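Q: Before I ask anything, let me first share the structure, which is written out below as structure tokens.
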2 protein chains.
Amino acid sequence: MNDTLRQARAGNPRLGQQLVFLSEIDKLKLVRRRTPVTDNSRMENSAEHTWHAIVCAMVLREHMPQRVDLLRSLQMLAIHDIVEIDAGDTFAYDAEAQETKGEREERAAARLFGLLPDDQAVEIRRLWHEFEAMQTPESRLAHAVDRLQALLLNSESGGGSWRSGEVTRPKVEARMGPVVAALPSLAPFVEDVIDAFTRAGVIRRG
Amino acid sequence: MNDTLRQARAGNPRLGQQLVFLSEIDKLKLVRRRTPVTDNSRMENSAEHTWHAIVCAMVLREHMPQRVDLLRSLQMLAIHDIVEIDAGDTFAYDAEAQETKGEREERAAARLFGLLPDDQAVEIRRLWHEFEAMQTPESRLAHAVDRLQALLLNSESGGGSWRSGEVTRPKVEARMGPVVAALPSLAPFVEDVIDAFTRAGVIRRG
């Protein structure tokens, strides 16, 4: 934190806390995911991934049969990966890392959202817990586009994170379950992609 | 566009258009800005910048005296830089490039948003024009956080895009005008940052 942020903190403590938080979350741009950008030149990071998922939600929400509060979904998406600044990106197909993910991310949420003024910290942690619980229509849309975006990039980049050699068809289908549950008209597309990459030997049959 | 997207286009043309658009906009991650990420390791790209501006809007909108439809602001921000895929990022302090920006970006908007189904293309172009016109409270909040985010990164990274040697205090103040107009309680912070970097000789006195 540089001097000017420190000064802002003294002159207007609430604004100071907000600016410290907004400056700290810049680090999400340095968290690397397992999914490449579509031209395969590098792995994508969690900040740009989040932007992409937000536009996916805007464009695809019409495929969700239930009514959904789009503002809540977009806000949830905007903050859903911030915990990765401390907890790292946990690879979706790494069962061991998935086991410790909850605890690591809870600690990260306490520290990072705790930089904000109390009322905003409470509100954003609530949004993040709602996302994680995947019970409301808003969080189901958010999860659906979060996972669909990864499938789209893997598909466009020739396999992406599926190329680790460890990924089986049943695991990919389980991962995409929330996509087809929330956005049923996307089921044929998702199935076609999984078929194509299983036939090509990128995804193992199981 | 790979085979599976082509197939989706045949089986469900509307969904196919949406997926082609969502795949094409991945290229925004390759558009480099003049502002470095806070650890100075690289320049930021327009996709991750957009995400950062969206969180700024969520956290700072309480500083806007007028009522604002936050959903509209967030959607506007989410799409405001997509035209840069074709038109490039135009440096804020490059007067010559600013002159041709409008025409280049209109062509880009026609091609890129035109990938979507007609009704969505019309809706998103309208959002983008509203952003550009900077007349509504929603677009003024969006511009304010768009510019404030750059100031925050320049400040945290020790000068960032101001270090080109061409940037004068009156130009930075003009650029930050929409920030202090929309979010008046941020004026002292903005002024402190500009003061500090003028004293340090990074921003020229004019």
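Just so we're on the same page: first chain in the structure tokens is A, next is B, and so on; residues restart at 1 for each chain, and ligands are numbered from 1 in the order they show up.
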Using only C-alpha atoms, determine which residues of chain A fall within 7 Å of chain B; present them as a ChimeraX atom specification.

A: /A:2,4,8,18,22,26,29,37-38,47-48,50-51,55-56,59,71,78,156,189,192-193

Q: Go through B:Ala182, B:Ala108, B:Ile82, B:Ala10 one by one, measure the shortest atom-to-atom distance of each to B:Val68 using only C-alpha atoms, and give the residue with the smallest value.

A: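 Counting only C-alpha atoms, the residue closest to B:Val68 is B:Ala182.
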
Q: Rank nothing, just name the residue among A:Leu148, A:Ile203, A:Val31, A:Met176 nearest to A:Asp89, using only C-alpha atoms.

A: A:Val31

Q: Just want the 9 Å neighbourhood of B:Asp86, counted on only C-alpha atoms, with same-chain residues fewer than 3 positions away dropped. Output as a list in words.

A: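 My reading of the contact set: Ile82, Val83, Arg104, Glu105, Arg107, Ala108, Ala109, Arg111 and Leu112 of chain B.
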
Q: Tell me, in Å to one decimal, how far atom CA of A:Asp118 is from atom CA of A:Ala57.

A: 28.7 Å

Q: Extract the full set of alpha helix (DSSP H) residues from stretch 20-204 of chain A according to DSSP on the backbone, and format it as JSON, numbers by chain.

A: {"A": [20, 21, 22, 23, 24, 46, 47, 48, 49, 50, 51, 52, 53, 54, 55, 56, 57, 58, 59, 60, 70, 71, 72, 73, 74, 75, 76, 77, 78, 79, 84, 85, 86, 87, 95, 96, 97, 98, 99, 100, 101, 102, 103, 104, 105, 106, 107, 108, 109, 110, 111, 112, 113, 118, 119, 120, 121, 122, 123, 124, 125, 126, 127, 128, 129, 130, 131, 132, 133, 137, 138, 139, 140, 141, 142, 143, 144, 145, 146, 147, 148, 149, 150, 151, 152, 153, 154, 155, 156, 169, 170, 171, 172, 173, 174, 175, 176, 177, 178, 179, 180, 181, 182, 187, 188, 189, 190, 191, 192, 193, 194, 195, 196, 197, 198, 199]}

Q: Residues of the last selection are to be written out with C-alpha atoms, as a compact mmCIF listing (two decimals), in the first residue's frame.

A:
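Wrote part_16.txt, looks like this:
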# COMPACT_ATOMS: atom_id res chain seq x y z
CA VAL A 20 -7.12 -0.95 -0.08
CA PHE A 21 -9.46 -3.82 -0.98
CA LEU A 22 -9.70 -2.72 -4.63
CA SER A 23 -5.95 -2.47 -4.83
CA GLU A 24 -5.36 -5.87 -3.14
CA SER A 46 -8.78 -15.86 -12.87
CA ALA A 47 -9.53 -12.15 -13.36
CA GLU A 48 -10.05 -12.34 -17.11
CA HIS A 49 -11.88 -15.66 -16.69
CA THR A 50 -14.30 -13.89 -14.36
CA TRP A 51 -14.99 -11.19 -16.93
CA HIS A 52 -15.64 -13.83 -19.58
CA ALA A 53 -18.05 -15.73 -17.31
CA ILE A 54 -19.95 -12.50 -16.61
CA VAL A 55 -20.55 -11.88 -20.33
CA CYS A 56 -21.58 -15.56 -20.69
CA ALA A 57 -24.22 -15.02 -18.00
CA MET A 58 -25.54 -11.89 -19.73
CA VAL A 59 -25.83 -13.61 -23.11
CA LEU A 60 -27.03 -17.08 -22.03
CA LEU A 70 -29.26 -11.16 -13.02
CA LEU A 71 -27.67 -8.42 -10.89
CA ARG A 72 -27.16 -10.90 -8.07
CA SER A 73 -25.64 -13.47 -10.44
CA LEU A 74 -23.25 -10.94 -11.94
CA GLN A 75 -22.15 -9.66 -8.53
CA MET A 76 -21.64 -13.23 -7.35
CA LEU A 77 -19.53 -14.02 -10.40
CA ALA A 78 -17.51 -10.82 -10.00
CA ILE A 79 -16.33 -11.88 -6.53
CA GLU A 84 -7.94 -17.67 -5.00
CA ILE A 85 -5.56 -14.76 -4.29
CA ASP A 86 -4.71 -16.56 -1.04
CA ALA A 87 -5.99 -20.08 -1.70
CA ALA A 95 -9.52 -34.79 -6.01
CA GLU A 96 -6.91 -34.38 -3.27
CA ALA A 97 -6.71 -30.59 -3.56
CA GLN A 98 -10.50 -30.39 -3.71
CA GLU A 99 -10.62 -31.90 -0.19
CA THR A 100 -8.75 -29.02 1.45
CA LYS A 101 -10.27 -26.34 -0.78
CA GLY A 102 -13.12 -25.37 1.56
CA GLU A 103 -10.94 -24.62 4.55
CA ARG A 104 -8.30 -22.75 2.55
CA GLU A 105 -10.92 -20.62 0.86
CA GLU A 106 -12.77 -19.78 4.08
CA ARG A 107 -9.56 -18.37 5.55
CA ALA A 108 -8.94 -16.42 2.35
CA ALA A 109 -12.47 -14.99 2.39
CA ALA A 110 -12.03 -13.84 5.99
CA ARG A 111 -8.81 -11.98 5.20
CA LEU A 112 -9.67 -10.53 1.78
CA PHE A 113 -13.31 -9.52 2.25
CA ASP A 118 -17.82 -4.36 7.93
CA ASP A 119 -21.20 -4.01 6.19
CA GLN A 120 -19.70 -4.61 2.75
CA ALA A 121 -17.53 -7.47 4.04
CA VAL A 122 -20.65 -9.19 5.41
CA GLU A 123 -22.59 -8.62 2.19
CA ILE A 124 -19.84 -9.96 -0.07
CA ARG A 125 -19.11 -12.99 2.12
CA ARG A 126 -22.82 -13.76 2.00
CA LEU A 127 -22.75 -13.55 -1.81
CA TRP A 128 -19.72 -15.83 -1.90
CA HIS A 129 -21.33 -18.41 0.42
CA GLU A 130 -24.46 -18.33 -1.71
CA PHE A 131 -22.32 -19.03 -4.77
CA GLU A 132 -20.54 -21.92 -3.04
CA ALA A 133 -23.79 -23.51 -1.79
CA PRO A 137 -31.23 -19.88 -9.17
CA GLU A 138 -28.71 -17.01 -9.13
CA SER A 139 -25.87 -19.22 -7.91
CA ARG A 140 -26.85 -22.02 -10.29
CA LEU A 141 -26.62 -19.66 -13.26
CA ALA A 142 -23.25 -18.43 -11.97
CA HIS A 143 -21.87 -21.97 -11.63
CA ALA A 144 -23.25 -22.97 -15.02
CA VAL A 145 -21.44 -20.17 -16.89
CA ASP A 146 -18.30 -20.60 -14.76
CA ARG A 147 -18.04 -24.21 -15.95
CA LEU A 148 -19.33 -23.65 -19.47
CA GLN A 149 -16.69 -20.97 -20.04
CA ALA A 150 -13.97 -23.54 -19.26
CA LEU A 151 -15.56 -26.08 -21.63
CA LEU A 152 -15.72 -23.45 -24.37
CA LEU A 153 -12.02 -22.59 -23.98
CA ASN A 154 -10.96 -26.24 -23.77
CA SER A 155 -12.97 -26.94 -26.88
CA GLU A 156 -11.62 -23.96 -28.85
CA ARG A 169 -15.53 -38.83 -19.42
CA PRO A 170 -17.55 -39.50 -16.23
CA LYS A 171 -15.57 -36.78 -14.44
CA VAL A 172 -16.16 -34.24 -17.21
CA GLU A 173 -19.84 -35.15 -17.31
CA ALA A 174 -20.11 -34.70 -13.53
CA ARG A 175 -18.35 -31.33 -13.82
CA MET A 176 -20.79 -30.24 -16.54
CA GLY A 177 -23.87 -31.49 -14.64
CA PRO A 178 -24.67 -28.00 -13.28
CA VAL A 179 -24.43 -26.55 -16.80
CA VAL A 180 -27.06 -28.82 -18.33
CA ALA A 181 -29.21 -28.67 -15.19
CA ALA A 182 -29.36 -24.86 -15.23
CA ALA A 187 -27.13 -30.09 -23.25
CA PRO A 188 -26.66 -31.18 -26.91
CA PHE A 189 -23.74 -28.78 -27.36
CA VAL A 190 -22.04 -29.93 -24.14
CA GLU A 191 -22.57 -33.58 -25.11
CA ASP A 192 -21.16 -32.96 -28.64
CA VAL A 193 -18.00 -31.39 -27.22
CA ILE A 194 -17.47 -34.24 -24.76
CA ASP A 195 -18.10 -36.80 -27.54
CA ALA A 196 -15.64 -35.16 -29.91
CA PHE A 197 -12.83 -34.99 -27.34
CA THR A 198 -13.50 -38.54 -26.14
CA ARG A 199 -13.33 -39.83 -29.73

Q: Distance atom CA of B:Arg204-atom CA of B:Pro36, one decimal place?

A: 19.7 Å

Q: Go through chain A and collect every residue that DSSP, computed from the backbone, puts in strand (DSSP E or B); the answer should be as number ranges by chain.

A: A: 32-36, 43-45, 168, 204

Q: If you keep N, CA and C atoms, can you produce a file of those selected residues as an mmCIF file, in the first residue's frame?

A:
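Output saved as again_11.cif:
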data_model
loop_
_atom_site.group_PDB
_atom_site.id
_atom_site.type_symbol
_atom_site.label_atom_id
_atom_site.label_comp_id
_atom_site.auth_asym_id
_atom_site.auth_seq_id
_atom_site.Cartn_x
_atom_site.Cartn_y
_atom_site.Cartn_z
ATOM 1 N N ARG A 32 -3.056 -18.118 -12.042
ATOM 2 C CA ARG A 32 -3.172 -18.809 -13.316
ATOM 3 C C ARG A 32 -4.110 -19.999 -13.225
ATOM 4 N N ARG A 33 -4.986 -20.158 -14.218
ATOM 5 C CA ARG A 33 -5.877 -21.306 -14.309
ATOM 6 C C ARG A 33 -5.250 -22.396 -15.197
ATOM 7 N N ARG A 34 -5.949 -23.551 -15.316
ATOM 8 C CA ARG A 34 -5.439 -24.642 -16.137
ATOM 9 C C ARG A 34 -5.956 -24.558 -17.567
ATOM 10 N N THR A 35 -6.757 -23.538 -17.845
ATOM 11 C CA THR A 35 -7.418 -23.437 -19.143
ATOM 12 C C THR A 35 -6.693 -22.406 -19.992
ATOM 13 N N PRO A 36 -6.324 -22.756 -21.239
ATOM 14 C CA PRO A 36 -5.632 -21.765 -22.075
ATOM 15 C C PRO A 36 -6.612 -20.790 -22.723
ATOM 16 N N MET A 43 -1.872 -19.662 -20.512
ATOM 17 C CA MET A 43 -2.997 -20.009 -19.657
ATOM 18 C C MET A 43 -3.755 -18.733 -19.313
ATOM 19 N N GLU A 44 -5.043 -18.884 -19.078
ATOM 20 C CA GLU A 44 -5.804 -17.688 -18.711
ATOM 21 C C GLU A 44 -5.660 -17.450 -17.207
ATOM 22 N N ASN A 45 -5.913 -16.228 -16.753
ATOM 23 C CA ASN A 45 -5.883 -15.963 -15.314
ATOM 24 C C ASN A 45 -7.310 -15.784 -14.793
ATOM 25 N N THR A 168 -11.303 -38.214 -17.116
ATOM 26 C CA THR A 168 -12.164 -39.231 -17.725
ATOM 27 C C THR A 168 -13.528 -38.633 -18.071
ATOM 28 N N ARG A 204 -10.319 -39.449 -21.484
ATOM 29 C CA ARG A 204 -10.330 -40.924 -21.401
ATOM 30 C C ARG A 204 -11.754 -41.436 -21.199
#
